[in-house]
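First the structure, in the form of structure tokens, and then the observations on it.
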Amino acid sequence: MDNKKKDILNDYEQYLRQGEPSRRKKALTWAASIGLQQVDGLQTSEYLHNVARRNIEDEITTAEGQQLVASYYEQLALRQESQLRESEEADRAAANIAHILSTATLDFTTHGLKMLHRQIFKGVFKHAGEFRTYDISKREWVLRGASVLYLAHTELQRAVDYDIEQERQFSYTSLSTDQIVQHITRFVAGLWQIHPFGEGNTRTTAVFVIQYLRSLGFEVDNEMFALHSWYFRNALVRANYKSAQVDYKPIFLERFFRNLLLGEHWELRNRYMLIDADGQKAGKYRPSTDQVPTKLEVPTTNIARLVKAIGSNQVKISEMMNVLGLKHRYTFRVNYLEPAMTAGYVAMLYPNSPRHPRQRYLLTPKGVMFLNAQ
């Protein structure tokens, strides 16, 4: 597995090293999209990698890449119906994920989750975008052949509705940094455990979570999902499995998110999670002297002042200006509020209605983490 991780990034090494930000970002997006196929044991084709390189080098858009992959397999089906269905699934899904991750859209609803599954697996599964109508179990390597207890198919809609609505209403403002990471871990583990789709649940959960975390202000690095997609899936399994001898183990998934969100250096090894494995309690930790501050670094003093002025409150513009001792609304918006919102530290209470008569502003989880670090 470690060699496969290295191969994914080696394919795009020239783009990661050349220092051009736009190409590096695209390369990491494709690496994550391709890496996520490994959660279901799938490998992408050389054709897909060529499409990825053309997109990275600005020859084609991600939408054109989707069309090229779809057209390739449509023509292939006419010539050779038995040709590698697994490669087709991996290629189509990877191309679709790359296009999704290149946008900043998110529909944080049950309908949005279904539509995301449909976008990822369009042309792959006939049931793309539909909840399963049967119960499932899956033998897991990390559980030595046992299965997580997935939700009954009759409860799927209710359960997804409940989890997403609870998360939508949840406030992060009074939490410590550790509590924020723990809450995100529980939310993601719970949503995945429902397993609403017949296939593709982990890939859909990963993309949904990436988009959601970005909407909360976090700069989610696609490299984590490129290198550790198999670990991510196994950590989800361990966070949701319990038996007479084994208890739930969310710590492995929490370590993934601590690395992702805080830049910590937990060693993410699949063998640590294997039930009864000698090393499952080892969980080595490499302290970092630079990455935690980098992840939470505020680009300007003005943003830092604004974050401290808001604190754990929900405040109006006039209240923020009073605390900061500012009188000019335009200056405040241009030099404080808009940069803080763009950087992901501050958000509107009613984001879909900017002119709402009761509009207030509050810290995002990223803003709360920075405040806690002061």
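We label chains A, B, ... in the order they appear in the structure tokens, count residues from 1 in each chain, and number ligands from 1 in the order shown.
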Fill in: Who sits within 12 Å of range 340-346 of chain A, only C-alpha atoms, same chain under 4 positions skipped, as a ChimeraX atom specification
/A:173,213-220,295-315,320,332-336,351,360-371
Create the file for the chosen residues now, containing C-alpha atoms and written as a PDB file, in the first residue's frame.
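Wrote result_36.pdb, looks like this:
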ATOM      1  CA  THR A 173     -18.209  28.564  19.037  1.00  0.00           C
ATOM      2  CA  LEU A 213     -14.904  21.319   5.695  1.00  0.00           C
ATOM      3  CA  ARG A 214     -14.025  23.880   3.048  1.00  0.00           C
ATOM      4  CA  SER A 215     -17.381  25.557   3.648  1.00  0.00           C
ATOM      5  CA  LEU A 216     -16.412  25.814   7.341  1.00  0.00           C
ATOM      6  CA  GLY A 217     -13.280  27.747   6.412  1.00  0.00           C
ATOM      7  CA  PHE A 218     -10.694  24.969   6.452  1.00  0.00           C
ATOM      8  CA  GLU A 219      -8.072  24.695   3.726  1.00  0.00           C
ATOM      9  CA  VAL A 220      -8.411  20.971   3.118  1.00  0.00           C
ATOM     10  CA  LYS A 295      -2.563  25.567   9.375  1.00  0.00           C
ATOM     11  CA  LEU A 296      -4.100  28.221  11.638  1.00  0.00           C
ATOM     12  CA  GLU A 297      -1.996  31.155  10.557  1.00  0.00           C
ATOM     13  CA  VAL A 298      -3.916  34.427  10.119  1.00  0.00           C
ATOM     14  CA  PRO A 299      -2.682  36.419   7.101  1.00  0.00           C
ATOM     15  CA  THR A 300      -3.154  39.897   8.616  1.00  0.00           C
ATOM     16  CA  THR A 301      -3.223  41.612  11.989  1.00  0.00           C
ATOM     17  CA  ASN A 302      -6.649  43.019  11.124  1.00  0.00           C
ATOM     18  CA  ILE A 303      -8.134  39.535  10.832  1.00  0.00           C
ATOM     19  CA  ALA A 304      -6.598  38.530  14.141  1.00  0.00           C
ATOM     20  CA  ARG A 305      -8.131  41.580  15.817  1.00  0.00           C
ATOM     21  CA  LEU A 306     -11.530  40.856  14.306  1.00  0.00           C
ATOM     22  CA  VAL A 307     -11.471  37.197  15.398  1.00  0.00           C
ATOM     23  CA  LYS A 308     -10.721  38.261  18.969  1.00  0.00           C
ATOM     24  CA  ALA A 309     -13.413  40.953  18.838  1.00  0.00           C
ATOM     25  CA  ILE A 310     -16.099  38.438  17.817  1.00  0.00           C
ATOM     26  CA  GLY A 311     -15.042  35.708  20.249  1.00  0.00           C
ATOM     27  CA  SER A 312     -17.851  33.263  21.005  1.00  0.00           C
ATOM     28  CA  ASN A 313     -20.596  35.781  20.158  1.00  0.00           C
ATOM     29  CA  GLN A 314     -22.936  36.386  17.244  1.00  0.00           C
ATOM     30  CA  VAL A 315     -22.538  40.086  16.472  1.00  0.00           C
ATOM     31  CA  MET A 320     -17.734  44.696  15.729  1.00  0.00           C
ATOM     32  CA  PHE A 332     -14.180  48.027   8.105  1.00  0.00           C
ATOM     33  CA  ARG A 333     -15.674  45.842   5.371  1.00  0.00           C
ATOM     34  CA  VAL A 334     -12.705  46.133   3.007  1.00  0.00           C
ATOM     35  CA  ASN A 335      -9.890  45.819   5.572  1.00  0.00           C
ATOM     36  CA  TYR A 336     -11.424  43.510   8.181  1.00  0.00           C
ATOM     37  CA  PRO A 351     -25.311  32.982   4.513  1.00  0.00           C
ATOM     38  CA  ARG A 360     -25.110  38.431  12.546  1.00  0.00           C
ATOM     39  CA  TYR A 361     -21.518  37.304  12.148  1.00  0.00           C
ATOM     40  CA  LEU A 362     -19.726  34.526  14.014  1.00  0.00           C
ATOM     41  CA  LEU A 363     -16.487  32.580  13.931  1.00  0.00           C
ATOM     42  CA  THR A 364     -16.159  29.476  11.808  1.00  0.00           C
ATOM     43  CA  PRO A 365     -14.571  26.385  13.405  1.00  0.00           C
ATOM     44  CA  LYS A 366     -11.300  27.539  11.855  1.00  0.00           C
ATOM     45  CA  GLY A 367     -11.747  30.925  13.520  1.00  0.00           C
ATOM     46  CA  VAL A 368     -12.522  29.253  16.847  1.00  0.00           C
ATOM     47  CA  MET A 369      -9.368  27.159  16.572  1.00  0.00           C
ATOM     48  CA  PHE A 370      -7.279  30.277  15.998  1.00  0.00           C
ATOM     49  CA  LEU A 371      -8.940  32.011  18.933  1.00  0.00           C
TER      50      LEU A 371
END
Show me, as a tab-separated table (two decimals) with C-alpha atoms, in the first residue's frame, the residues that have an atom within 7 Å of His153 in chain A when counting only C-alpha atoms, minus same-chain residues fewer than 3 positions from it.
chain	number	residue	atom	x	y	z
A	132	ARG	CA	-30.23	1.21	-1.36
A	133	THR	CA	-33.41	-0.85	-0.96
A	134	TYR	CA	-31.76	-3.82	0.75
A	135	ASP	CA	-29.61	-4.52	3.81
A	156	LEU	CA	-31.84	5.43	5.65
Discussion item. Using only C-alpha atoms for the distances, tell me which of A:Glu199, A:His356, A:Val188, A:Leu337 is nearest to Leu324 in chain A.
Written reply: A:Leu337
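For the residues A:Leu262, A:Ile164, A:Ile317, A:Ala146, ranking by smallest atom-to-atom distance to Val237 in chain A using only C-alpha atoms places A:Ala146 first.
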Practice prompt. Assign secondary structure with DSSP using the backbone only, and return the residues of range 196-362 of chain A in strand (DSSP E or B) as a ChimeraX atom specification.
Written response: /A:265-266,285-286,315,346-348,361-362
Taking N, CA and C atoms for each residue, export the selection above as an mmCIF file, in the first residue's frame.
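Saved file part_15.cif follows:
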data_model
loop_
_atom_site.group_PDB
_atom_site.id
_atom_site.type_symbol
_atom_site.label_atom_id
_atom_site.label_comp_id
_atom_site.auth_asym_id
_atom_site.auth_seq_id
_atom_site.Cartn_x
_atom_site.Cartn_y
_atom_site.Cartn_z
ATOM 1 N N HIS A 265 1.379 15.421 13.023
ATOM 2 C CA HIS A 265 2.108 14.356 12.339
ATOM 3 C C HIS A 265 1.852 12.983 12.949
ATOM 4 N N TRP A 266 0.600 12.646 13.178
ATOM 5 C CA TRP A 266 0.302 11.290 13.614
ATOM 6 C C TRP A 266 0.680 10.327 12.503
ATOM 7 N N TYR A 285 3.631 9.298 17.425
ATOM 8 C CA TYR A 285 3.351 10.714 17.206
ATOM 9 C C TYR A 285 4.659 11.447 16.969
ATOM 10 N N ARG A 286 4.676 12.218 15.901
ATOM 11 C CA ARG A 286 5.861 13.015 15.605
ATOM 12 C C ARG A 286 5.515 14.480 15.847
ATOM 13 N N VAL A 315 -22.534 38.618 16.357
ATOM 14 C CA VAL A 315 -22.538 40.086 16.472
ATOM 15 C C VAL A 315 -22.919 40.766 15.162
ATOM 16 N N VAL A 346 -14.470 33.878 9.501
ATOM 17 C CA VAL A 346 -15.737 34.483 9.917
ATOM 18 C C VAL A 346 -16.807 34.124 8.894
ATOM 19 N N ALA A 347 -18.038 33.921 9.374
ATOM 20 C CA ALA A 347 -19.145 33.577 8.478
ATOM 21 C C ALA A 347 -20.410 34.318 8.894
ATOM 22 N N MET A 348 -21.343 34.387 7.959
ATOM 23 C CA MET A 348 -22.659 34.971 8.257
ATOM 24 C C MET A 348 -23.531 33.953 8.975
ATOM 25 N N TYR A 361 -22.747 37.945 12.586
ATOM 26 C CA TYR A 361 -21.518 37.304 12.148
ATOM 27 C C TYR A 361 -20.919 36.518 13.314
ATOM 28 N N LEU A 362 -20.312 35.382 12.983
ATOM 29 C CA LEU A 362 -19.726 34.526 14.014
ATOM 30 C C LEU A 362 -18.481 33.855 13.463
#
Worksheet item: Can you list, as a PyMOL selection string, every residue of range 115-272 of chain A that DSSP puts in alpha helix (DSSP H)?
Response: chain A and resi 115-121+156-169+177-194+201-215+223-227+229-239+251-262
So that I can see what lies close to Tyr15 in chain A, please list as a CSV table (one decimal) with N, CA and C atoms, in the first residue's frame the residues with an atom at most 10 Å from it, counting only C-alpha atoms and leaving out residues fewer than 2 positions away in the same chain.
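result24.csv written:
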chain,number,residue,atom,x,y,z
A,9,LEU,N,1.7,10.0,-6.1
A,9,LEU,CA,2.3,11.3,-6.2
A,9,LEU,C,3.4,11.4,-7.2
A,10,ASN,N,4.1,10.3,-7.4
A,10,ASN,CA,5.2,10.3,-8.3
A,10,ASN,C,4.7,10.6,-9.7
A,11,ASP,N,3.5,10.2,-10.1
A,11,ASP,CA,3.0,10.5,-11.4
A,11,ASP,C,2.8,12.0,-11.6
A,12,TYR,N,2.8,12.8,-10.6
A,12,TYR,CA,2.6,14.2,-10.7
A,12,TYR,C,3.7,15.0,-10.1
A,13,GLU,N,4.8,14.3,-9.9
A,13,GLU,CA,5.9,15.0,-9.1
A,13,GLU,C,6.4,16.3,-9.8
A,17,ARG,N,6.6,19.9,-7.9
A,17,ARG,CA,7.9,20.5,-7.6
A,17,ARG,C,8.1,21.8,-8.4
A,18,GLN,N,7.4,22.0,-9.4
A,18,GLN,CA,7.8,23.2,-10.3
A,18,GLN,C,7.4,24.5,-9.7
A,19,GLY,N,6.5,24.5,-8.6
A,19,GLY,CA,6.2,25.7,-7.9
A,19,GLY,C,5.1,26.6,-8.5
A,20,GLU,N,4.5,26.1,-9.5
A,20,GLU,CA,3.3,26.9,-10.1
A,20,GLU,C,2.1,26.5,-9.4
A,21,PRO,N,1.5,27.4,-8.5
A,21,PRO,CA,0.4,27.1,-7.6
A,21,PRO,C,-0.8,26.4,-8.3
A,22,SER,N,-1.2,26.9,-9.4
A,22,SER,CA,-2.4,26.4,-10.1
A,22,SER,C,-2.2,25.0,-10.5
A,23,ARG,N,-1.1,24.6,-11.0
A,23,ARG,CA,-0.8,23.3,-11.5
A,23,ARG,C,-0.6,22.3,-10.3
A,24,ARG,N,0.0,22.8,-9.2
A,24,ARG,CA,0.2,22.0,-8.0
A,24,ARG,C,-1.2,21.7,-7.5
A,25,LYS,N,-2.1,22.7,-7.4
A,25,LYS,CA,-3.4,22.4,-6.9
A,25,LYS,C,-4.2,21.4,-7.7
A,26,LYS,N,-4.1,21.5,-9.0
A,26,LYS,CA,-4.8,20.6,-9.9
A,26,LYS,C,-4.2,19.2,-9.7
A,27,ALA,N,-2.9,19.1,-9.6
A,27,ALA,CA,-2.2,17.8,-9.5
A,27,ALA,C,-2.7,17.1,-8.2
A,28,LEU,N,-2.8,17.8,-7.1
A,28,LEU,CA,-3.2,17.3,-5.8
A,28,LEU,C,-4.7,16.8,-5.9
A,53,ARG,N,-3.2,14.8,-16.9
A,53,ARG,CA,-2.1,15.6,-17.2
A,53,ARG,C,-2.5,16.7,-18.2
A,56,ILE,N,-4.2,19.4,-16.0
A,56,ILE,CA,-3.2,20.1,-15.2
A,56,ILE,C,-2.4,21.1,-16.1
A,57,GLU,N,-2.1,20.7,-17.3
A,57,GLU,CA,-1.4,21.6,-18.2
A,57,GLU,C,-2.3,22.6,-19.0
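Comparing A:Gln193, A:Thr29, A:Glu223, A:His99 by their smallest distance to Thr61 in chain A, the closest is A:His99 (using only C-alpha atoms).
Closest to Gln374 in chain A among A:Asn201, A:Gln245, A:Thr110, A:Ser176 is A:Ser176, based on only C-alpha atoms.
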Worksheet item: Ala104 in chain A: which residues within 9 Å, counting only C-alpha atoms, same-chain residues fewer than 2 positions away excluded, as a PyMOL selection string?
Response: chain A and resi 100-102+106+211+214-215
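Considering the residues A:Glu155, A:Asp247, A:Glu165, A:Asp107 and counting only C-alpha atoms, Val209 in chain A has its shortest atom-to-atom contact with A:Asp107.
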Worksheet item: With only C-alpha atoms as the atoms that count, which of A:Val69, A:Ala235, A:Ala244, A:Val181 lies nearest to Tyr47 in chain A?
Response: A:Val69
